[in-house]
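Engineer: Sending over model21.cif (mmCIF, C-alpha atoms, pLDDT in the B column; chains and numbers go by the auth columns).
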data_start
loop_
_atom_site.group_PDB
_atom_site.id
_atom_site.type_symbol
_atom_site.label_atom_id
_atom_site.label_comp_id
_atom_site.label_asym_id
_atom_site.label_seq_id
_atom_site.Cartn_x
_atom_site.Cartn_y
_atom_site.Cartn_z
_atom_site.B_iso_or_equiv
_atom_site.auth_seq_id
_atom_site.auth_asym_id
ATOM 1 C CA MET A 1 0.000 0.000 0.000 50.00 1046 A
ATOM 2 C CA LEU A 2 2.859 2.310 0.595 49.00 1047 A
ATOM 3 C CA ILE A 3 3.865 2.213 -3.060 50.00 1048 A
ATOM 4 C CA ASN A 4 0.343 3.053 -4.186 51.00 1049 A
ATOM 5 C CA GLU A 5 0.158 5.902 -1.668 55.00 1050 A
ATOM 6 C CA GLY A 6 3.467 7.260 -2.973 52.00 1051 A
ATOM 7 C CA ILE A 7 2.191 7.143 -6.557 50.00 1052 A
ATOM 8 C CA ALA A 8 -1.050 8.763 -5.481 51.00 1053 A
ATOM 9 C CA ARG A 9 0.847 11.535 -3.673 57.00 1054 A
ATOM 10 C CA LYS A 10 3.052 12.153 -6.728 59.00 1055 A
ATOM 11 C CA GLY A 11 -0.072 12.168 -8.879 60.00 1056 A
ATOM 12 C CA ASN A 12 -1.764 14.615 -6.516 65.00 1057 A
ATOM 13 C CA LEU A 13 1.339 16.789 -6.474 68.00 1058 A
ATOM 14 C CA TYR A 14 1.397 16.799 -10.285 69.00 1059 A
ATOM 15 C CA LEU A 15 -2.310 17.655 -10.364 65.00 1060 A
ATOM 16 C CA LEU A 16 -1.743 20.411 -7.835 64.00 1061 A
ATOM 17 C CA LYS A 17 1.075 21.910 -9.967 74.00 1062 A
ATOM 18 C CA VAL A 18 -1.150 21.802 -13.083 66.00 1063 A
ATOM 19 C CA MET A 19 -3.987 23.493 -11.201 66.00 1064 A
ATOM 20 C CA VAL A 20 -1.657 26.223 -9.896 69.00 1065 A
ATOM 21 C CA ARG A 21 -0.399 26.879 -13.448 75.00 1066 A
ATOM 22 C CA GLN A 22 -3.982 27.075 -14.712 70.00 1067 A
ATOM 23 C CA MET A 23 -4.984 29.476 -11.934 67.00 1068 A
ATOM 24 C CA LYS A 24 -2.011 31.720 -12.743 73.00 1069 A
ATOM 25 C CA LEU A 25 -3.043 31.718 -16.403 66.00 1070 A
ATOM 26 C CA ILE A 26 -6.657 32.508 -15.513 71.00 1071 A
ATOM 27 C CA ASN A 27 -5.541 35.341 -13.220 67.00 1072 A
ATOM 28 C CA GLU A 28 -3.324 36.765 -15.964 68.00 1073 A
ATOM 29 C CA GLN A 29 -6.246 36.607 -18.424 66.00 1074 A
ATOM 30 C CA ARG A 30 -8.501 38.334 -15.897 65.00 1075 A
ATOM 31 C CA ARG A 31 -5.948 41.126 -15.456 64.00 1076 A
ATOM 32 C CA LEU A 32 -5.713 41.607 -19.230 60.00 1077 A
ATOM 33 C CA ILE A 33 -9.492 41.647 -19.605 65.00 1078 A
ATOM 34 C CA THR A 34 -9.843 44.132 -16.742 61.00 1079 A
ATOM 35 C CA PHE A 35 -7.151 46.340 -18.274 57.00 1080 A
ATOM 36 C CA GLY A 36 -8.890 46.159 -21.655 59.00 1081 A
ATOM 37 C CA LEU A 37 -12.246 47.040 -20.124 60.00 1082 A
ATOM 38 C CA ALA A 38 -10.660 49.971 -18.330 60.00 1083 A
ATOM 39 C CA LEU A 39 -9.408 51.275 -21.684 64.00 1084 A
ATOM 40 C CA LEU A 40 -12.749 50.953 -23.504 61.00 1085 A
ATOM 41 C CA PRO A 41 -14.170 54.339 -22.450 62.00 1086 A
ATOM 42 C CA THR A 42 -10.934 56.014 -23.550 56.00 1087 A
ATOM 43 C CA LEU A 43 -10.936 54.245 -26.895 54.00 1088 A
ATOM 44 C CA SER A 44 -14.586 54.945 -27.594 49.00 1089 A
ATOM 45 C CA PHE A 45 -14.058 58.609 -26.688 52.00 1090 A
ATOM 46 C CA ALA A 46 -11.129 58.813 -29.097 51.00 1091 A
ATOM 47 C CA ALA A 47 -13.190 57.230 -31.853 54.00 1092 A
ATOM 48 C CA THR A 48 -16.100 59.649 -31.405 58.00 1093 A
ATOM 49 C CA GLN A 49 -14.085 62.729 -30.629 87.00 1094 A
ATOM 50 C CA LYS A 50 -15.197 64.676 -33.718 95.00 1095 A
ATOM 51 C CA PRO A 51 -18.849 65.727 -33.858 97.00 1096 A
ATOM 52 C CA VAL A 52 -20.531 64.360 -36.989 97.00 1097 A
ATOM 53 C CA ILE A 53 -22.354 66.630 -39.413 98.00 1098 A
ATOM 54 C CA THR A 54 -24.645 64.801 -41.836 98.00 1099 A
ATOM 55 C CA MET A 55 -24.983 66.668 -45.141 98.00 1100 A
ATOM 56 C CA TRP A 56 -27.415 66.253 -48.044 98.00 1101 A
ATOM 57 C CA LYS A 57 -26.452 67.766 -51.395 96.00 1102 A
ATOM 58 C CA SER A 58 -26.732 67.362 -55.124 90.00 1103 A
ATOM 59 C CA PRO A 59 -24.293 64.833 -56.612 89.00 1104 A
ATOM 60 C CA THR A 60 -22.846 67.479 -58.939 88.00 1105 A
ATOM 61 C CA CYS A 61 -22.285 70.361 -56.521 89.00 1106 A
ATOM 62 C CA GLY A 62 -18.596 71.173 -56.005 89.00 1107 A
ATOM 63 C CA CYS A 63 -19.012 74.003 -53.513 94.00 1108 A
ATOM 64 C CA CYS A 64 -20.768 71.624 -51.092 94.00 1109 A
ATOM 65 C CA LYS A 65 -17.669 69.438 -51.083 94.00 1110 A
ATOM 66 C CA ASP A 66 -15.565 72.552 -50.426 96.00 1111 A
ATOM 67 C CA TRP A 67 -17.840 73.460 -47.476 98.00 1112 A
ATOM 68 C CA ALA A 68 -17.487 69.902 -46.124 97.00 1113 A
ATOM 69 C CA ASP A 69 -13.687 70.257 -46.379 97.00 1114 A
ATOM 70 C CA HIS A 70 -13.945 73.542 -44.435 98.00 1115 A
ATOM 71 C CA VAL A 71 -15.906 72.020 -41.536 98.00 1116 A
ATOM 72 C CA GLU A 72 -13.654 68.922 -41.470 98.00 1117 A
ATOM 73 C CA LYS A 73 -10.588 71.184 -41.174 98.00 1118 A
ATOM 74 C CA ASN A 74 -12.348 72.810 -38.231 98.00 1119 A
ATOM 75 C CA GLY A 75 -12.873 69.665 -36.180 97.00 1120 A
ATOM 76 C CA PHE A 76 -16.004 68.025 -37.568 98.00 1121 A
ATOM 77 C CA ALA A 77 -16.529 64.753 -39.399 98.00 1122 A
ATOM 78 C CA VAL A 78 -18.917 64.894 -42.379 98.00 1123 A
ATOM 79 C CA LYS A 79 -21.204 62.144 -43.601 97.00 1124 A
ATOM 80 C CA THR A 80 -22.557 62.993 -47.063 97.00 1125 A
ATOM 81 C CA TYR A 81 -25.666 61.928 -48.970 97.00 1126 A
ATOM 82 C CA THR A 82 -25.828 62.933 -52.631 96.00 1127 A
ATOM 83 C CA ASP A 83 -29.534 62.589 -53.317 94.00 1128 A
ATOM 84 C CA GLY A 84 -30.465 66.266 -52.992 94.00 1129 A
ATOM 85 C CA ASN A 85 -31.558 68.356 -50.037 96.00 1130 A
ATOM 86 C CA ASP A 86 -35.134 69.548 -50.725 95.00 1131 A
ATOM 87 C CA GLU A 87 -36.848 66.735 -48.819 96.00 1132 A
ATOM 88 C CA ILE A 88 -34.570 66.852 -45.802 97.00 1133 A
ATOM 89 C CA ARG A 89 -34.854 70.649 -45.619 97.00 1134 A
ATOM 90 C CA LYS A 90 -38.640 70.261 -45.343 97.00 1135 A
ATOM 91 C CA LYS A 91 -38.342 67.429 -42.772 97.00 1136 A
ATOM 92 C CA LEU A 92 -36.035 69.540 -40.597 97.00 1137 A
ATOM 93 C CA GLY A 93 -38.441 72.487 -40.747 97.00 1138 A
ATOM 94 C CA MET A 94 -36.049 74.869 -42.469 98.00 1139 A
ATOM 95 C CA PRO A 95 -38.165 77.415 -44.400 98.00 1140 A
ATOM 96 C CA ILE A 96 -37.524 77.343 -48.171 96.00 1141 A
ATOM 97 C CA GLN A 97 -36.716 81.072 -48.307 97.00 1142 A
ATOM 98 C CA PHE A 98 -33.487 80.316 -46.418 97.00 1143 A
ATOM 99 C CA GLY A 99 -32.561 77.468 -48.762 94.00 1144 A
ATOM 100 C CA SER A 100 -29.184 76.848 -50.295 95.00 1145 A
ATOM 101 C CA CYS A 101 -27.387 74.078 -52.184 95.00 1146 A
ATOM 102 C CA HIS A 102 -26.919 71.764 -49.189 97.00 1147 A
ATOM 103 C CA THR A 103 -28.601 71.029 -45.882 98.00 1148 A
ATOM 104 C CA ALA A 104 -26.848 69.515 -42.884 98.00 1149 A
ATOM 105 C CA LEU A 105 -27.836 68.193 -39.489 98.00 1150 A
ATOM 106 C CA ILE A 106 -25.899 68.152 -36.231 98.00 1151 A
ATOM 107 C CA ASP A 107 -27.217 67.569 -32.707 98.00 1152 A
ATOM 108 C CA GLY A 108 -30.794 68.217 -33.857 97.00 1153 A
ATOM 109 C CA TYR A 109 -29.952 71.524 -35.559 98.00 1154 A
ATOM 110 C CA ALA A 110 -30.412 72.159 -39.280 98.00 1155 A
ATOM 111 C CA ILE A 111 -27.480 73.878 -40.978 98.00 1156 A
ATOM 112 C CA GLU A 112 -28.509 75.378 -44.306 98.00 1157 A
ATOM 113 C CA GLY A 113 -25.897 76.485 -46.805 97.00 1158 A
ATOM 114 C CA HIS A 114 -22.394 77.832 -46.353 98.00 1159 A
ATOM 115 C CA VAL A 115 -22.415 78.415 -42.582 98.00 1160 A
ATOM 116 C CA PRO A 116 -18.897 78.920 -41.156 98.00 1161 A
ATOM 117 C CA ALA A 117 -17.695 76.184 -38.775 98.00 1162 A
ATOM 118 C CA LYS A 118 -17.058 78.863 -36.144 98.00 1163 A
ATOM 119 C CA GLU A 119 -20.784 79.642 -35.999 98.00 1164 A
ATOM 120 C CA ILE A 120 -21.729 75.945 -35.844 98.00 1165 A
ATOM 121 C CA LYS A 121 -19.415 75.552 -32.835 98.00 1166 A
ATOM 122 C CA ARG A 122 -21.006 78.595 -31.225 98.00 1167 A
ATOM 123 C CA LEU A 123 -24.491 77.176 -31.874 98.00 1168 A
ATOM 124 C CA LEU A 124 -23.540 73.859 -30.266 98.00 1169 A
ATOM 125 C CA ALA A 125 -22.068 75.639 -27.237 98.00 1170 A
ATOM 126 C CA GLU A 126 -25.003 78.031 -26.727 98.00 1171 A
ATOM 127 C CA LYS A 127 -27.745 75.497 -27.572 98.00 1172 A
ATOM 128 C CA PRO A 128 -30.494 78.011 -28.392 98.00 1173 A
ATOM 129 C CA LYS A 129 -34.051 76.848 -28.955 98.00 1174 A
ATOM 130 C CA ALA A 130 -34.024 77.067 -32.742 98.00 1175 A
ATOM 131 C CA ILE A 131 -34.362 75.119 -35.961 98.00 1176 A
ATOM 132 C CA GLY A 132 -30.756 75.952 -36.795 98.00 1177 A
ATOM 133 C CA LEU A 133 -28.520 78.249 -38.818 98.00 1178 A
ATOM 134 C CA ALA A 134 -28.736 79.370 -42.440 98.00 1179 A
ATOM 135 C CA VAL A 135 -26.686 81.262 -44.967 98.00 1180 A
ATOM 136 C CA PRO A 136 -29.261 81.729 -47.743 96.00 1181 A
ATOM 137 C CA ALA A 137 -28.198 81.472 -51.381 93.00 1182 A
ATOM 138 C CA MET A 138 -24.483 81.033 -51.993 95.00 1183 A
ATOM 139 C CA PRO A 139 -22.614 84.235 -51.095 97.00 1184 A
ATOM 140 C CA LEU A 140 -19.105 84.572 -52.480 97.00 1185 A
ATOM 141 C CA GLY A 141 -16.480 84.512 -49.761 97.00 1186 A
ATOM 142 C CA SER A 142 -18.440 82.171 -47.496 97.00 1187 A
ATOM 143 C CA PRO A 143 -16.848 78.771 -46.707 98.00 1188 A
ATOM 144 C CA GLY A 144 -17.002 76.645 -49.858 96.00 1189 A
ATOM 145 C CA MET A 145 -17.562 79.717 -52.000 96.00 1190 A
ATOM 146 C CA ASP A 146 -14.065 81.068 -51.456 95.00 1191 A
ATOM 147 C CA GLY A 147 -11.951 79.069 -53.884 92.00 1192 A
ATOM 148 C CA PRO A 148 -9.475 80.461 -56.436 94.00 1193 A
ATOM 149 C CA GLU A 149 -12.155 80.478 -59.143 93.00 1194 A
ATOM 150 C CA TYR A 150 -13.824 83.403 -57.298 93.00 1195 A
ATOM 151 C CA LYS A 151 -10.619 85.492 -57.508 94.00 1196 A
ATOM 152 C CA GLY A 152 -10.814 86.705 -53.886 93.00 1197 A
ATOM 153 C CA ARG A 153 -14.250 88.268 -54.290 95.00 1198 A
ATOM 154 C CA LYS A 154 -16.171 88.479 -51.019 95.00 1199 A
ATOM 155 C CA ASP A 155 -19.780 89.527 -50.670 97.00 1200 A
ATOM 156 C CA PRO A 156 -21.166 90.500 -47.271 97.00 1201 A
ATOM 157 C CA TYR A 157 -23.602 87.972 -45.815 98.00 1202 A
ATOM 158 C CA ASP A 158 -25.568 87.128 -42.708 98.00 1203 A
ATOM 159 C CA VAL A 159 -25.566 83.879 -40.776 98.00 1204 A
ATOM 160 C CA LEU A 160 -29.168 83.611 -39.634 98.00 1205 A
ATOM 161 C CA LEU A 161 -30.490 81.859 -36.566 98.00 1206 A
ATOM 162 C CA ILE A 162 -33.857 80.384 -37.545 98.00 1207 A
ATOM 163 C CA GLY A 163 -36.168 80.330 -34.548 98.00 1208 A
ATOM 164 C CA LEU A 164 -38.626 77.550 -33.802 98.00 1209 A
ATOM 165 C CA ASN A 165 -41.322 79.792 -35.300 97.00 1210 A
ATOM 166 C CA GLY A 166 -39.360 79.948 -38.589 97.00 1211 A
ATOM 167 C CA LYS A 167 -38.400 83.587 -38.092 98.00 1212 A
ATOM 168 C CA PRO A 168 -34.773 84.631 -38.649 98.00 1213 A
ATOM 169 C CA SER A 169 -32.485 86.775 -36.564 98.00 1214 A
ATOM 170 C CA VAL A 170 -28.950 87.778 -37.487 98.00 1215 A
ATOM 171 C CA TYR A 171 -26.555 85.478 -35.647 98.00 1216 A
ATOM 172 C CA LYS A 172 -23.395 86.892 -37.232 98.00 1217 A
ATOM 173 C CA PHE A 173 -22.675 89.371 -40.029 98.00 1218 A
ATOM 174 C CA TYR A 174 -19.682 88.782 -42.311 97.00 1219 A
ATOM 175 C CA LYS A 175 -18.160 91.325 -44.719 93.00 1220 A
#
Go ahead and express the file in the form of structure tokens.

Structural biologist:
Amino acid sequence: MLINEGIARKGNLYLLKVMVRQMKLINEQRRLITFGLALLPTLSFAATQKPVITMWKSPTCGCCKDWADHVEKNGFAVKTYTDGNDEIRKKLGMPIQFGSCHTALIDGYAIEGHVPAKEIKRLLAEKPKAIGLAVPAMPLGSPGMDGPEYKGRKDPYDVLLIGLNGKPSVYKFYK
């Protein structure tokens, strides 16, 4: 019986060593998982750092692309749909008289036309009760309408804040 007990003890010792190794491995995996979970909020914040502006435009409009480049250079990400903007302008409640070649949406606000990124940032910081901002028509010198083909020409224009009642007020004047 002594021999069998010796074998059993060696077997138990071997089993014990295997179990200890497995526990160490499990603990290491738990630490890695915990570390990874701790990083998730940081990684998701980094991935969503830039506010997203969704823009609807005509597929052939070049100045809309230039406006999108302007807002991207100023800290926004732009998601573009090229199936026109008339329908979305109506859905967002932006009155047609303030219409332009593209309509955008960010944080529930409509952005109509060539609104400077600076004013969009101000809108998002102030959070007024409004439909959004508009730069009616396509004034030369506004973002997206300021390329070399315009030879430096700048027309004065207003950035309008469109109230919930559809009435405009001057948000910023540019000359």

Engineer: Expand the PyMOL selection byres ((chain A and resi 1130-1136) around 10) into the explicit residue set it covers here, and present it as a ChimeraX atom specification.

Structural biologist: /A:1100-1103,1126-1129,1137-1141,1143-1150,1155-1157

Engineer: Skipping near chain neighbours, those fewer than 3 positions away, what residues fall within 12 Å of A:Pro1201 using only C-alpha atoms, listed as a list in words?

Structural biologist: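 What passes the distance filter is Val1180, Pro1181, Met1183, Pro1184, Leu1185, Gly1186, Ser1187, Arg1198, Val1204, Lys1217, Phe1218, Tyr1219 and Lys1220 of chain A.
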
Engineer: Within 8 Å of stretch 1112-1117 of chain A, counting all atoms listed in the file, which residues qualify if same-chain residues fewer than 5 places away don't, as a list in words?

Structural biologist: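 The residues that qualify are Ala1122, Val1123, His1159, Pro1161, Ala1162, Pro1188, Gly1189 and Met1190 of chain A.
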
Engineer: Determine the residue membership of the PyMOL selection byres ((chain A and resi 1215) around 9) for the file above and supply it as a list of chain:residue names.

Structural biologist: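 For this structure, the PyMOL selection byres ((chain A and resi 1215) around 9) resolves to A:Asp1203, A:Val1204, A:Leu1205, A:Leu1206, A:Ile1207, A:Pro1213, A:Ser1214, A:Tyr1216, A:Lys1217, A:Phe1218.
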
Engineer: If the PyMOL selection byres ((chain A and resi 1208-1211) around 6) is run on the structure shown, which residues does it catch, given as a PyMOL selection string?

Structural biologist: chain A and resi 1175-1176+1207+1212

Engineer: Just the number, please: distance in Å from atom CA of A:Pro1193 to atom CA of A:Ile1098, one decimal.

Structural biologist: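 Going from atom CA of A:Pro1193 over to atom CA of A:Ile1098 covers 25.4 Å.
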
Engineer: Using all atoms listed in the file, which of A:Lys1069, A:Lys1062, A:Lys1166, A:Lys1110 sits nearest A:Lys1095?

Structural biologist: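 Residue with the minimum atom-to-atom distance to A:Lys1095: A:Lys1166.
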
Engineer: Could you work out how far atom CA of A:Ile1165 lies from atom CA of A:Tyr1202, giving the answer in Å with one decimal?

Structural biologist: 15.7 Å

Engineer: Could you tell me how far atom CA of A:Gly1192 sits from atom CA of A:Cys1108, in Å to one decimal place?

Structural biologist: 8.7 Å
